[in-house]
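Pasting input_0.cif here (mmCIF, C-alpha atoms (C1' of nucleotides)):
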data_input
#
loop_
_atom_site.label_atom_id
_atom_site.label_comp_id
_atom_site.auth_asym_id
_atom_site.auth_seq_id
_atom_site.Cartn_x
_atom_site.Cartn_y
_atom_site.Cartn_z
CA MET R 20 22.38 -57.23 -8.16
CA LYS R 21 18.64 -57.42 -8.31
CA ARG R 22 17.00 -54.38 -9.79
CA HIS R 23 14.01 -53.33 -7.76
CA PRO R 24 10.97 -54.23 -9.76
CA PRO R 25 8.54 -51.29 -9.85
CA SER R 26 6.09 -53.04 -7.62
CA GLN R 27 8.60 -53.09 -4.80
CA ASP R 28 9.42 -49.41 -4.84
CA GLU R 29 7.48 -47.67 -2.11
CA SER R 30 7.47 -44.35 -3.90
CA ALA R 31 6.21 -45.84 -7.12
CA ALA R 32 3.61 -47.80 -5.21
CA LEU R 33 2.46 -44.64 -3.48
CA LEU R 34 2.03 -42.95 -6.84
CA ARG R 35 0.06 -45.84 -8.28
CA ALA R 36 -2.11 -45.99 -5.20
CA SER R 37 -2.99 -42.35 -5.86
CA ARG R 38 -3.56 -43.05 -9.55
CA LEU R 39 -0.63 -40.86 -10.54
CA ARG R 40 1.84 -41.98 -13.19
CA ALA R 41 5.03 -43.35 -11.74
CA THR R 42 7.71 -41.53 -13.70
CA PRO R 43 11.41 -41.38 -12.79
CA ALA R 44 11.21 -37.70 -11.85
CA ARG R 45 8.26 -38.21 -9.54
CA ILE R 46 9.75 -41.26 -7.94
CA ALA R 47 13.00 -39.38 -7.32
CA ILE R 48 11.17 -36.50 -5.69
CA LEU R 49 9.23 -38.78 -3.40
CA ARG R 50 12.39 -40.63 -2.46
CA LEU R 51 14.03 -37.37 -1.48
CA LEU R 52 11.06 -36.45 0.65
CA ARG R 53 11.01 -39.89 2.21
CA ALA R 54 14.68 -39.62 3.17
CA ALA R 55 14.41 -36.09 4.56
CA ARG R 56 14.01 -35.43 8.24
CA ARG R 57 12.24 -32.16 7.63
CA PRO R 58 10.16 -30.44 4.98
CA LEU R 59 12.21 -29.65 1.87
CA SER R 60 12.10 -26.48 -0.20
CA ILE R 61 11.68 -26.65 -3.95
CA ASP R 62 15.28 -25.59 -4.27
CA GLU R 63 16.49 -28.41 -2.04
CA ILE R 64 14.44 -30.91 -3.98
CA HIS R 65 15.71 -29.62 -7.31
CA ARG R 66 19.31 -29.79 -6.16
CA GLY R 67 18.71 -33.27 -4.80
CA LEU R 68 17.71 -34.72 -8.15
CA ARG R 69 20.57 -36.49 -9.93
CA ARG R 70 19.69 -35.81 -13.52
CA ALA R 71 18.12 -32.64 -12.21
CA GLY R 72 14.81 -32.50 -13.94
CA ASP R 73 13.80 -28.94 -14.59
CA TRP R 74 12.08 -26.59 -12.23
CA ALA R 75 8.74 -26.82 -13.98
CA THR R 76 8.65 -30.56 -13.48
CA VAL R 77 9.39 -30.18 -9.79
CA PHE R 78 6.73 -27.54 -9.33
CA ARG R 79 4.18 -29.50 -11.32
CA SER R 80 4.90 -32.75 -9.55
CA LEU R 81 4.58 -31.18 -6.14
CA ARG R 82 1.35 -29.49 -7.10
CA HIS R 83 -0.04 -32.86 -8.15
CA PHE R 84 1.20 -34.54 -5.01
CA GLU R 85 -0.43 -31.84 -2.94
CA SER R 86 -3.76 -32.28 -4.72
CA ALA R 87 -3.51 -36.01 -4.23
CA ARG R 88 -2.77 -35.40 -0.53
CA ILE R 89 0.40 -37.44 -0.55
CA VAL R 90 2.54 -34.43 0.32
CA ALA R 91 1.72 -31.40 2.46
CA ARG R 92 2.96 -27.89 1.97
CA CYS R 93 4.14 -25.72 4.84
CA GLU R 94 5.39 -22.16 5.12
CA PHE R 95 8.27 -21.22 7.39
CA GLY R 96 7.86 -17.54 6.72
CA ASP R 97 10.86 -17.11 4.46
CA GLY R 98 8.87 -16.88 1.28
CA GLN R 99 9.53 -20.43 0.18
CA SER R 100 7.10 -23.30 0.27
CA ARG R 101 8.34 -26.52 1.80
CA PHE R 102 6.95 -29.98 1.33
CA GLU R 103 6.85 -33.19 3.31
CA LEU R 104 5.38 -36.62 2.85
CA VAL R 105 1.99 -37.01 4.48
CA SER R 106 2.78 -40.55 5.51
CA GLY R 107 5.88 -42.65 5.49
CA GLY R 108 8.39 -39.86 6.04
CA CYS R 109 10.06 -38.91 9.29
CA GLY R 110 7.69 -37.57 11.87
CA ALA R 111 4.90 -38.00 9.40
CA GLY R 112 1.96 -40.34 9.41
CA HIS R 113 0.16 -38.28 11.98
CA HIS R 114 -1.02 -34.70 12.22
CA HIS R 115 1.86 -32.54 13.35
CA HIS R 116 3.51 -29.15 13.08
CA HIS R 117 7.02 -27.72 13.30
CA LEU R 118 9.16 -25.66 15.62
CA VAL R 119 11.62 -23.76 13.46
CA CYS R 120 14.71 -21.92 14.66
CA ARG R 121 14.56 -18.38 13.33
CA SER R 122 18.33 -18.26 13.13
CA CYS R 123 19.64 -21.60 11.81
CA GLY R 124 16.46 -23.15 10.45
CA LYS R 125 16.64 -26.27 12.60
CA VAL R 126 13.29 -28.05 12.59
CA LEU R 127 11.65 -30.03 15.39
CA HIS R 128 8.35 -31.83 15.12
CA VAL R 129 5.49 -30.76 17.33
CA GLY R 130 2.72 -33.21 18.08
CA ASP R 131 -0.84 -32.67 19.16
CA CYS R 132 -1.95 -29.08 18.70
CA GLY R 133 -5.43 -29.57 20.06
CA LEU R 134 -6.98 -27.33 17.42
CA GLY R 135 -9.57 -29.87 16.36
CA ASP R 136 -12.00 -28.51 18.92
CA ILE R 137 -11.59 -24.99 17.59
CA GLU R 138 -12.15 -26.22 14.05
CA ARG R 139 -15.36 -27.97 15.02
CA ASP R 140 -16.48 -24.87 16.87
CA LEU R 141 -15.82 -22.70 13.82
CA GLN R 142 -17.81 -25.05 11.61
CA LYS R 143 -20.71 -25.00 14.04
CA ARG R 144 -20.72 -21.30 14.86
CA HIS R 145 -19.93 -19.82 11.44
CA GLY R 146 -21.15 -22.48 9.06
CA PHE R 147 -17.79 -23.03 7.45
CA ALA R 148 -17.14 -26.46 5.95
CA ALA R 149 -13.98 -28.48 5.61
CA VAL R 150 -12.06 -26.39 8.11
CA THR R 151 -8.32 -27.03 8.31
CA HIS R 152 -5.43 -25.07 9.70
CA SER R 153 -1.81 -24.22 9.08
CA LEU R 154 0.40 -23.80 12.12
CA GLU R 155 4.11 -23.37 12.66
CA PHE R 156 6.09 -22.43 15.74
CA PHE R 157 9.18 -20.24 15.60
CA GLY R 158 11.87 -19.63 18.15
CA LEU R 159 15.58 -19.55 18.87
CA CYS R 160 17.20 -22.94 19.37
CA PRO R 161 19.60 -23.48 22.29
CA LYS R 162 22.73 -23.27 20.11
CA CYS R 163 21.72 -20.06 18.39
CA ARG R 164 20.65 -18.64 21.72
CA ALA R 165 24.12 -19.32 23.08
CA LYS R 166 25.80 -17.67 20.11
CA GLY R 167 23.87 -14.54 20.94
CA MET C 11 -12.69 22.75 8.97
CA LYS C 12 -9.89 22.17 11.33
CA ARG C 13 -6.93 20.40 9.81
CA HIS C 14 -5.65 17.65 12.02
CA PRO C 15 -2.32 18.77 13.42
CA PRO C 16 0.27 15.99 13.21
CA SER C 17 0.18 15.35 16.90
CA GLN C 18 -3.45 14.39 16.67
CA ASP C 19 -3.02 11.92 13.87
CA GLU C 20 -3.06 8.46 15.37
CA SER C 21 -0.97 6.98 12.59
CA ALA C 22 1.70 9.64 12.85
CA ALA C 23 1.68 9.30 16.61
CA LEU C 24 2.10 5.55 16.31
CA LEU C 25 5.12 6.06 14.09
CA ARG C 26 6.71 8.55 16.45
CA ALA C 27 6.06 6.28 19.38
CA SER C 28 8.05 3.62 17.56
CA ARG C 29 10.80 6.08 16.68
CA LEU C 30 10.01 5.80 12.97
CA ARG C 31 9.84 8.86 10.76
CA ALA C 32 6.32 10.01 10.09
CA THR C 33 6.26 10.48 6.34
CA PRO C 34 3.14 10.88 4.18
CA ALA C 35 3.58 7.48 2.57
CA ARG C 36 3.91 5.70 5.89
CA ILE C 37 1.01 7.54 7.42
CA ALA C 38 -1.15 6.68 4.42
CA ILE C 39 -0.26 3.01 4.68
CA LEU C 40 -1.08 2.90 8.38
CA ARG C 41 -4.38 4.67 7.78
CA LEU C 42 -5.33 2.09 5.20
CA LEU C 43 -4.51 -0.70 7.61
CA ARG C 44 -6.43 1.03 10.37
CA ALA C 45 -9.52 1.30 8.18
CA ALA C 46 -9.36 -2.27 6.92
CA ARG C 47 -11.44 -5.01 8.46
CA ARG C 48 -8.95 -7.66 7.46
CA PRO C 49 -5.26 -8.06 6.64
CA LEU C 50 -4.37 -6.30 3.39
CA SER C 51 -2.07 -7.56 0.67
CA ILE C 52 0.71 -5.39 -0.66
CA ASP C 53 -1.28 -5.01 -3.84
CA GLU C 54 -4.34 -3.79 -1.98
CA ILE C 55 -2.26 -1.33 -0.02
CA HIS C 56 -0.54 -0.05 -3.13
CA ARG C 57 -3.85 0.43 -4.94
CA GLY C 58 -5.25 2.16 -1.87
CA LEU C 59 -2.66 4.89 -1.87
CA ARG C 60 -3.87 8.08 -3.58
CA ARG C 61 -0.63 9.37 -4.98
CA ALA C 62 0.40 5.76 -5.24
CA GLY C 63 3.88 5.68 -3.87
CA ASP C 64 5.94 3.04 -5.54
CA TRP C 65 6.11 -0.60 -4.70
CA ALA C 66 9.52 -0.39 -3.12
CA THR C 67 8.29 2.18 -0.65
CA VAL C 68 5.35 0.01 0.31
CA PHE C 69 7.55 -3.05 0.77
CA ARG C 70 10.15 -1.13 2.72
CA SER C 71 7.61 0.57 4.94
CA LEU C 72 5.90 -2.68 5.79
CA ARG C 73 9.19 -4.35 6.53
CA HIS C 74 10.02 -1.56 8.95
CA PHE C 75 6.59 -1.70 10.53
CA GLU C 76 6.98 -5.42 10.99
CA SER C 77 10.37 -5.02 12.67
CA ALA C 78 8.92 -2.36 14.93
CA ARG C 79 6.05 -4.73 15.76
CA ILE C 80 3.36 -2.27 14.81
CA VAL C 81 2.08 -4.46 12.00
CA ALA C 82 1.94 -8.23 11.74
CA ARG C 83 2.35 -10.31 8.63
CA CYS C 84 0.16 -13.28 7.85
CA GLU C 85 0.05 -15.81 5.05
CA PHE C 86 -3.20 -17.03 3.58
CA GLY C 87 -1.52 -19.58 1.40
CA ASP C 88 -1.92 -17.78 -1.90
CA GLY C 89 1.67 -16.66 -2.14
CA GLN C 90 1.06 -13.12 -1.00
CA SER C 91 1.88 -11.67 2.37
CA ARG C 92 -0.85 -9.74 4.11
CA PHE C 93 -0.49 -7.21 6.88
CA GLU C 94 -2.60 -5.91 9.72
CA LEU C 95 -2.17 -3.44 12.51
CA VAL C 96 -1.05 -5.03 15.76
CA SER C 97 -3.23 -2.69 17.78
CA GLY C 98 -5.88 -0.20 16.88
CA GLY C 99 -7.24 -1.92 13.81
CA CYS C 100 -10.36 -4.01 13.59
CA GLY C 101 -10.17 -7.22 15.53
CA ALA C 102 -6.70 -6.25 16.61
CA GLY C 103 -5.35 -5.25 19.97
CA HIS C 104 -5.35 -8.82 21.15
CA HIS C 105 -3.76 -12.04 19.98
CA HIS C 106 -5.93 -13.55 17.26
CA HIS C 107 -5.95 -15.55 14.05
CA HIS C 108 -8.11 -15.80 10.94
CA LEU C 109 -10.57 -18.14 9.33
CA VAL C 110 -10.27 -17.66 5.57
CA CYS C 111 -12.69 -18.92 2.95
CA ARG C 112 -10.74 -20.92 0.41
CA SER C 113 -13.14 -19.86 -2.33
CA CYS C 114 -14.02 -16.17 -1.86
CA GLY C 115 -11.36 -15.07 0.58
CA LYS C 116 -13.79 -13.85 3.25
CA VAL C 117 -11.97 -13.40 6.55
CA LEU C 118 -13.29 -13.96 10.06
CA HIS C 119 -11.35 -13.32 13.24
CA VAL C 120 -10.64 -16.20 15.56
CA GLY C 121 -9.91 -15.51 19.19
CA ASP C 122 -8.13 -17.55 21.80
CA CYS C 123 -6.07 -20.34 20.25
CA GLY C 124 -4.77 -21.72 23.53
CA LEU C 125 -1.32 -22.33 22.11
CA GLY C 126 0.48 -20.45 24.86
CA ASP C 127 0.74 -23.65 26.88
CA ILE C 128 2.35 -25.47 23.97
CA GLU C 129 4.80 -22.61 23.48
CA ARG C 130 5.84 -22.72 27.11
CA ASP C 131 6.19 -26.45 26.91
CA LEU C 132 8.41 -26.18 23.84
CA GLN C 133 10.61 -23.64 25.58
CA LYS C 134 10.94 -25.86 28.60
CA ARG C 135 11.42 -29.17 26.85
CA HIS C 136 13.62 -28.12 23.93
CA GLY C 137 15.31 -25.02 25.24
CA PHE C 138 14.00 -22.76 22.53
CA ALA C 139 13.63 -19.08 23.41
CA ALA C 140 11.15 -16.48 22.24
CA VAL C 141 8.73 -19.02 20.87
CA THR C 142 5.87 -17.64 18.76
CA HIS C 143 3.51 -19.18 16.26
CA SER C 144 1.70 -18.47 13.03
CA LEU C 145 -1.74 -19.95 12.65
CA GLU C 146 -4.51 -19.58 10.11
CA PHE C 147 -7.70 -21.54 9.58
CA PHE C 148 -9.12 -22.28 6.15
CA GLY C 149 -12.54 -23.49 5.11
CA LEU C 150 -15.52 -22.94 2.85
CA CYS C 151 -17.88 -20.17 3.95
CA PRO C 152 -21.64 -20.79 3.94
CA LYS C 153 -22.23 -18.84 0.71
CA CYS C 154 -19.51 -20.59 -1.22
CA ARG C 155 -20.66 -23.89 0.16
CA ALA C 156 -24.15 -23.21 -1.17
CA LYS C 157 -22.83 -22.29 -4.60
CA GLY C 158 -21.19 -25.70 -4.75
"C1'" DT B 10 -2.19 -46.43 -28.72
"C1'" DT B 11 -3.55 -42.72 -26.11
"C1'" DA B 12 -3.44 -39.77 -22.43
"C1'" DT B 13 -0.28 -37.52 -19.79
"C1'" DA B 14 4.55 -36.08 -18.07
"C1'" DT B 15 8.80 -33.91 -19.35
"C1'" DG B 16 12.15 -30.41 -20.93
"C1'" DC B 17 12.98 -26.08 -22.58
"C1'" DA B 18 12.05 -21.37 -23.14
"C1'" DA B 19 9.53 -17.59 -22.16
"C1'" DA B 20 6.33 -15.08 -19.43
"C1'" DG B 21 4.35 -13.69 -15.03
"C1'" DT B 22 4.27 -12.27 -10.29
"C1'" DA B 23 6.43 -11.12 -5.93
"C1'" DT B 24 10.13 -8.83 -3.74
"C1'" DT B 25 14.68 -6.55 -3.23
"C1'" DT B 26 18.44 -3.32 -4.22
"C1'" DG B 27 21.31 0.84 -5.89
"C1'" DC B 28 21.47 5.36 -6.31
"C1'" DA B 29 20.30 10.23 -6.74
"C1'" DT B 30 17.08 13.26 -4.81
"C1'" DG B 31 14.04 14.96 -1.34
"C1'" DA B 32 12.08 15.41 3.27
"C1'" DC B 33 11.69 14.67 8.44
"C1'" DA B 34 13.59 15.77 12.95
"C1'" DT O 25 21.97 20.01 8.53
"C1'" DG O 26 22.50 15.23 8.80
"C1'" DT O 27 20.10 11.16 8.59
"C1'" DC O 28 16.95 8.55 6.62
"C1'" DA O 29 12.81 7.79 3.21
"C1'" DT O 30 11.34 8.11 -1.48
"C1'" DG O 31 11.04 7.28 -6.46
"C1'" DC O 32 12.70 5.15 -10.28
"C1'" DA O 33 14.87 1.54 -12.68
"C1'" DA O 34 16.94 -2.58 -12.77
"C1'" DA O 35 17.87 -6.90 -10.69
"C1'" DT O 36 16.56 -11.15 -8.29
"C1'" DA O 37 13.40 -14.78 -6.63
"C1'" DC O 38 9.75 -17.67 -7.14
"C1'" DT O 39 6.21 -19.82 -9.93
"C1'" DT O 40 3.46 -20.67 -14.04
"C1'" DT O 41 2.50 -21.61 -18.95
"C1'" DG O 42 2.89 -23.13 -24.03
"C1'" DC O 43 4.38 -26.31 -26.90
"C1'" DA O 44 6.87 -30.14 -29.05
"C1'" DT O 45 8.58 -34.49 -27.70
"C1'" DA O 46 8.89 -38.54 -24.89
"C1'" DT O 47 6.88 -42.12 -22.08
"C1'" DA O 48 3.78 -44.72 -18.75
"C1'" DA O 49 -0.12 -47.52 -18.76
#

As structure tokens, what does this structure read like?
Amino acid sequence: MKRHPPSQDESAALLRASRLRATPARIAILRLLRAARRPLSIDEIHRGLRRAGDWATVFRSLRHFESARIVARCEFGDGQSRFELVSGGCGAGHHHHHLVCRSCGKVLHVGDCGLGDIERDLQKRHGFAAVTHSLEFFGLCPKCRAKG
Amino acid sequence: MKRHPPSQDESAALLRASRLRATPARIAILRLLRAARRPLSIDEIHRGLRRAGDWATVFRSLRHFESARIVARCEFGDGQSRFELVSGGCGAGHHHHHLVCRSCGKVLHVGDCGLGDIERDLQKRHGFAAVTHSLEFFGLCPKCRAKG
DNA sequence: TTATATGCAAAGTATTTGCATGACA
DNA sequence: TGTCATGCAAATACTTTGCATATAA
């Protein structure tokens, strides 16, 4: 069996492209995020690591990834931050948001939010710079609705 | 000086209208929220109470208020929940969001987000019920921008 | 070889819970 | 007077930090 040389590993390549050191822990975290169909909580990521690196490493890695803009953080209102790959992951690669079931946590991707106009308006009218937004939708999915 | 009888206190009245007990701690919390020009963090609310009730009371009260839909929770991305009156407070009484300065925390109110159409579309297309959203804008205010 | 990441432990902050007492309705 | 809120303390999450060691570049 051929062992993937570092240069062929997408996660490692992503790290190098962002001038971040490609360590086993970081590569493992990015692989988890790449395989996930939805944003993962720190807890899910930590459990997903084989030789579970410690919590501090997970937190620190994610903070770095966030600064480097290779992962994005989102809040589903349950007090935990969740993270997803900015590009390369499922549903990623373009600006999007999520529709989260309040009961079972099922996550759907939501495309164009059309808030760019509002952002530009806010910059113009109030002089704010670098305006961004965080947006999530919540609701009851069909299954949970049926269950009552 | 006439002492406001309970029935004339807006905060107490609001509690009674929601079938919640009108206790001094709760009334004090609602008064703080009513006087605030922006969502308050738990810490700010706790500090604002004269005979500072304890943290648990503040948390529990706010949780009840949230369930009763008389206050709304929002997240400014700093790991703390903030709360504002749903109606009666400044900028409240109508659906709105916030533009928060990433540097100094200054908060501006943002009106119509136009997301109602998307919500209806999500309900129709994916069968979700009771769809709502959480939305906040972030940026650098003019002053902070000037400071570098 | 040198800067930087990791692991561990400990500290910090945010939030919840149990229980006895006290207060609203 | 019965139900429910409060205060206190302790417990539970979640997240950060310090430091010695290990490792990527």

Write out, as a Markdown table, each residue of chain O that has an atom at most 10 Å from segment 24-34 of chain C, together with the closest pair of atoms and their distance in Å to one decimal, counting all atoms listed in the file, rows going by chain and rising number.
| residue | atom | partner | partner_atom | distance |
| --- | --- | --- | --- | --- |
| O:DC28 | C1' | C:Arg31 | CA | 8.2 |
| O:DA29 | C1' | C:Thr33 | CA | 7.7 |
| O:DT30 | C1' | C:Thr33 | CA | 9.6 |

Once chain R has been least-squares superposed onto chain C, matching all their Cα atoms in order, can you return it as an mmCIF file with C-alpha atoms, keeping the file's coordinate frame?
data_model
loop_
_atom_site.group_PDB
_atom_site.id
_atom_site.type_symbol
_atom_site.label_atom_id
_atom_site.label_comp_id
_atom_site.auth_asym_id
_atom_site.auth_seq_id
_atom_site.Cartn_x
_atom_site.Cartn_y
_atom_site.Cartn_z
ATOM 1 C CA MET R 20 -11.826 23.466 8.090
ATOM 2 C CA LYS R 21 -9.224 22.664 10.665
ATOM 3 C CA ARG R 22 -6.286 20.731 9.338
ATOM 4 C CA HIS R 23 -5.349 17.925 11.664
ATOM 5 C CA PRO R 24 -2.154 18.930 13.346
ATOM 6 C CA PRO R 25 0.349 16.053 13.238
ATOM 7 C CA SER R 26 0.034 15.430 16.919
ATOM 8 C CA GLN R 27 -3.611 14.533 16.518
ATOM 9 C CA ASP R 28 -3.161 11.958 13.801
ATOM 10 C CA GLU R 29 -3.233 8.507 15.328
ATOM 11 C CA SER R 30 -1.122 6.990 12.596
ATOM 12 C CA ALA R 31 1.533 9.646 12.868
ATOM 13 C CA ALA R 32 1.483 9.328 16.629
ATOM 14 C CA LEU R 33 1.932 5.584 16.345
ATOM 15 C CA LEU R 34 4.964 6.109 14.140
ATOM 16 C CA ARG R 35 6.517 8.615 16.510
ATOM 17 C CA ALA R 36 5.860 6.350 19.451
ATOM 18 C CA SER R 37 7.881 3.693 17.630
ATOM 19 C CA ARG R 38 10.595 6.205 16.764
ATOM 20 C CA LEU R 39 9.855 5.907 13.059
ATOM 21 C CA ARG R 40 9.676 8.982 10.847
ATOM 22 C CA ALA R 41 6.148 10.078 10.138
ATOM 23 C CA THR R 42 6.140 10.555 6.382
ATOM 24 C CA PRO R 43 3.037 10.938 4.199
ATOM 25 C CA ALA R 44 3.515 7.514 2.614
ATOM 26 C CA ARG R 45 3.818 5.754 5.947
ATOM 27 C CA ILE R 46 0.899 7.583 7.435
ATOM 28 C CA ALA R 47 -1.239 6.681 4.418
ATOM 29 C CA ILE R 48 -0.332 3.022 4.712
ATOM 30 C CA LEU R 49 -1.176 2.912 8.384
ATOM 31 C CA ARG R 50 -4.465 4.663 7.745
ATOM 32 C CA LEU R 51 -5.381 2.048 5.177
ATOM 33 C CA LEU R 52 -4.561 -0.711 7.609
ATOM 34 C CA ARG R 53 -6.507 1.014 10.349
ATOM 35 C CA ALA R 54 -9.591 1.268 8.139
ATOM 36 C CA ALA R 55 -9.412 -2.321 6.891
ATOM 37 C CA ARG R 56 -11.469 -5.065 8.432
ATOM 38 C CA ARG R 57 -8.974 -7.713 7.451
ATOM 39 C CA PRO R 58 -5.292 -8.077 6.665
ATOM 40 C CA LEU R 59 -4.362 -6.319 3.418
ATOM 41 C CA SER R 60 -2.031 -7.587 0.715
ATOM 42 C CA ILE R 61 0.763 -5.405 -0.589
ATOM 43 C CA ASP R 62 -1.192 -5.038 -3.787
ATOM 44 C CA GLU R 63 -4.288 -3.827 -1.960
ATOM 45 C CA ILE R 64 -2.235 -1.354 0.011
ATOM 46 C CA HIS R 65 -0.490 -0.068 -3.098
ATOM 47 C CA ARG R 66 -3.774 0.394 -4.919
ATOM 48 C CA GLY R 67 -5.219 2.114 -1.873
ATOM 49 C CA LEU R 68 -2.643 4.886 -1.858
ATOM 50 C CA ARG R 69 -3.853 8.065 -3.564
ATOM 51 C CA ARG R 70 -0.627 9.375 -4.979
ATOM 52 C CA ALA R 71 0.397 5.749 -5.174
ATOM 53 C CA GLY R 72 3.870 5.726 -3.793
ATOM 54 C CA ASP R 73 5.951 3.089 -5.476
ATOM 55 C CA TRP R 74 6.144 -0.555 -4.619
ATOM 56 C CA ALA R 75 9.553 -0.291 -3.011
ATOM 57 C CA THR R 76 8.276 2.266 -0.546
ATOM 58 C CA VAL R 77 5.360 0.046 0.391
ATOM 59 C CA PHE R 78 7.565 -2.982 0.861
ATOM 60 C CA ARG R 79 10.136 -1.033 2.834
ATOM 61 C CA SER R 80 7.573 0.638 5.036
ATOM 62 C CA LEU R 81 5.888 -2.626 5.872
ATOM 63 C CA ARG R 82 9.196 -4.263 6.642
ATOM 64 C CA HIS R 83 9.960 -1.453 9.074
ATOM 65 C CA PHE R 84 6.528 -1.635 10.626
ATOM 66 C CA GLU R 85 6.950 -5.355 11.087
ATOM 67 C CA SER R 86 10.316 -4.910 12.797
ATOM 68 C CA ALA R 87 8.817 -2.260 15.021
ATOM 69 C CA ARG R 88 5.955 -4.662 15.829
ATOM 70 C CA ILE R 89 3.263 -2.208 14.863
ATOM 71 C CA VAL R 90 2.014 -4.429 12.052
ATOM 72 C CA ALA R 91 1.924 -8.219 11.804
ATOM 73 C CA ARG R 92 2.349 -10.287 8.700
ATOM 74 C CA CYS R 93 0.168 -13.286 7.927
ATOM 75 C CA GLU R 94 0.075 -15.835 5.133
ATOM 76 C CA PHE R 95 -3.184 -17.071 3.657
ATOM 77 C CA GLY R 96 -1.467 -19.623 1.489
ATOM 78 C CA ASP R 97 -1.859 -17.817 -1.809
ATOM 79 C CA GLY R 98 1.725 -16.706 -2.026
ATOM 80 C CA GLN R 99 1.077 -13.162 -0.899
ATOM 81 C CA SER R 100 1.907 -11.683 2.458
ATOM 82 C CA ARG R 101 -0.840 -9.752 4.183
ATOM 83 C CA PHE R 102 -0.495 -7.209 6.928
ATOM 84 C CA GLU R 103 -2.631 -5.917 9.757
ATOM 85 C CA LEU R 104 -2.230 -3.424 12.543
ATOM 86 C CA VAL R 105 -1.132 -5.005 15.798
ATOM 87 C CA SER R 106 -3.317 -2.664 17.789
ATOM 88 C CA GLY R 107 -5.977 -0.182 16.905
ATOM 89 C CA GLY R 108 -7.320 -1.947 13.828
ATOM 90 C CA CYS R 109 -10.418 -4.093 13.606
ATOM 91 C CA GLY R 110 -10.201 -7.269 15.590
ATOM 92 C CA ALA R 111 -6.731 -6.283 16.618
ATOM 93 C CA GLY R 112 -5.357 -5.306 19.976
ATOM 94 C CA HIS R 113 -5.330 -8.871 21.151
ATOM 95 C CA HIS R 114 -3.733 -12.084 19.972
ATOM 96 C CA HIS R 115 -5.891 -13.599 17.272
ATOM 97 C CA HIS R 116 -5.928 -15.589 14.059
ATOM 98 C CA HIS R 117 -8.090 -15.843 10.948
ATOM 99 C CA LEU R 118 -10.580 -18.173 9.343
ATOM 100 C CA VAL R 119 -10.280 -17.703 5.599
ATOM 101 C CA CYS R 120 -12.714 -18.954 2.975
ATOM 102 C CA ARG R 121 -10.761 -20.944 0.416
ATOM 103 C CA SER R 122 -13.164 -19.878 -2.296
ATOM 104 C CA CYS R 123 -14.050 -16.188 -1.830
ATOM 105 C CA GLY R 124 -11.369 -15.092 0.614
ATOM 106 C CA LYS R 125 -13.788 -13.889 3.276
ATOM 107 C CA VAL R 126 -11.971 -13.444 6.577
ATOM 108 C CA LEU R 127 -13.287 -13.996 10.100
ATOM 109 C CA HIS R 128 -11.333 -13.371 13.261
ATOM 110 C CA VAL R 129 -10.602 -16.261 15.568
ATOM 111 C CA GLY R 130 -9.877 -15.580 19.208
ATOM 112 C CA ASP R 131 -8.040 -17.604 21.789
ATOM 113 C CA CYS R 132 -6.012 -20.401 20.242
ATOM 114 C CA GLY R 133 -4.695 -21.774 23.495
ATOM 115 C CA LEU R 134 -1.243 -22.397 22.052
ATOM 116 C CA GLY R 135 0.568 -20.551 24.808
ATOM 117 C CA ASP R 136 0.845 -23.747 26.812
ATOM 118 C CA ILE R 137 2.410 -25.567 23.886
ATOM 119 C CA GLU R 138 4.874 -22.732 23.389
ATOM 120 C CA ARG R 139 5.936 -22.837 27.018
ATOM 121 C CA ASP R 140 6.267 -26.596 26.802
ATOM 122 C CA LEU R 141 8.473 -26.317 23.719
ATOM 123 C CA GLN R 142 10.708 -23.786 25.441
ATOM 124 C CA LYS R 143 11.044 -26.032 28.468
ATOM 125 C CA ARG R 144 11.480 -29.349 26.689
ATOM 126 C CA HIS R 145 13.665 -28.290 23.753
ATOM 127 C CA GLY R 146 15.408 -25.210 25.058
ATOM 128 C CA PHE R 147 14.066 -22.927 22.380
ATOM 129 C CA ALA R 148 13.729 -19.247 23.263
ATOM 130 C CA ALA R 149 11.266 -16.626 22.148
ATOM 131 C CA VAL R 150 8.812 -19.144 20.755
ATOM 132 C CA THR R 151 5.954 -17.733 18.686
ATOM 133 C CA HIS R 152 3.560 -19.241 16.213
ATOM 134 C CA SER R 153 1.740 -18.534 12.989
ATOM 135 C CA LEU R 154 -1.726 -20.002 12.615
ATOM 136 C CA GLU R 155 -4.509 -19.618 10.096
ATOM 137 C CA PHE R 156 -7.706 -21.571 9.594
ATOM 138 C CA PHE R 157 -9.134 -22.317 6.163
ATOM 139 C CA GLY R 158 -12.542 -23.515 5.134
ATOM 140 C CA LEU R 159 -15.541 -22.966 2.899
ATOM 141 C CA CYS R 160 -17.891 -20.204 4.003
ATOM 142 C CA PRO R 161 -21.660 -20.813 4.006
ATOM 143 C CA LYS R 162 -22.255 -18.848 0.784
ATOM 144 C CA CYS R 163 -19.538 -20.598 -1.176
ATOM 145 C CA ARG R 164 -20.697 -23.908 0.219
ATOM 146 C CA ALA R 165 -24.171 -23.212 -1.122
ATOM 147 C CA LYS R 166 -22.855 -22.298 -4.557
ATOM 148 C CA GLY R 167 -21.268 -25.714 -4.700
#

Polymer residues at most 12 Å from DA34 of chain O, all atoms listed in the file, same-chain spacing of 3 or more positions, as a list of chain:residue names: B:DT25, B:DT26, B:DG27, B:DC28

Matched chain/residue IDs from the PyMOL selection byres ((chain R) within 10 of (chain O)), as a list in words: Arg40, Ala41, Thr42, Ile61, Trp74, Ala75, Phe78, Arg79, Gly98, Gln99 and Ser100 of chain R

Explicit residue set for the PyMOL selection byres ((chain C) within 6 of (chain R)), as a list in words: Gly137, Phe138, Ala139, Ala140, Val141, Thr142, His143, Ser144, Leu145, Glu146, Phe147, Phe148, Gly149, Leu150, Cys151 and Pro152 of chain C
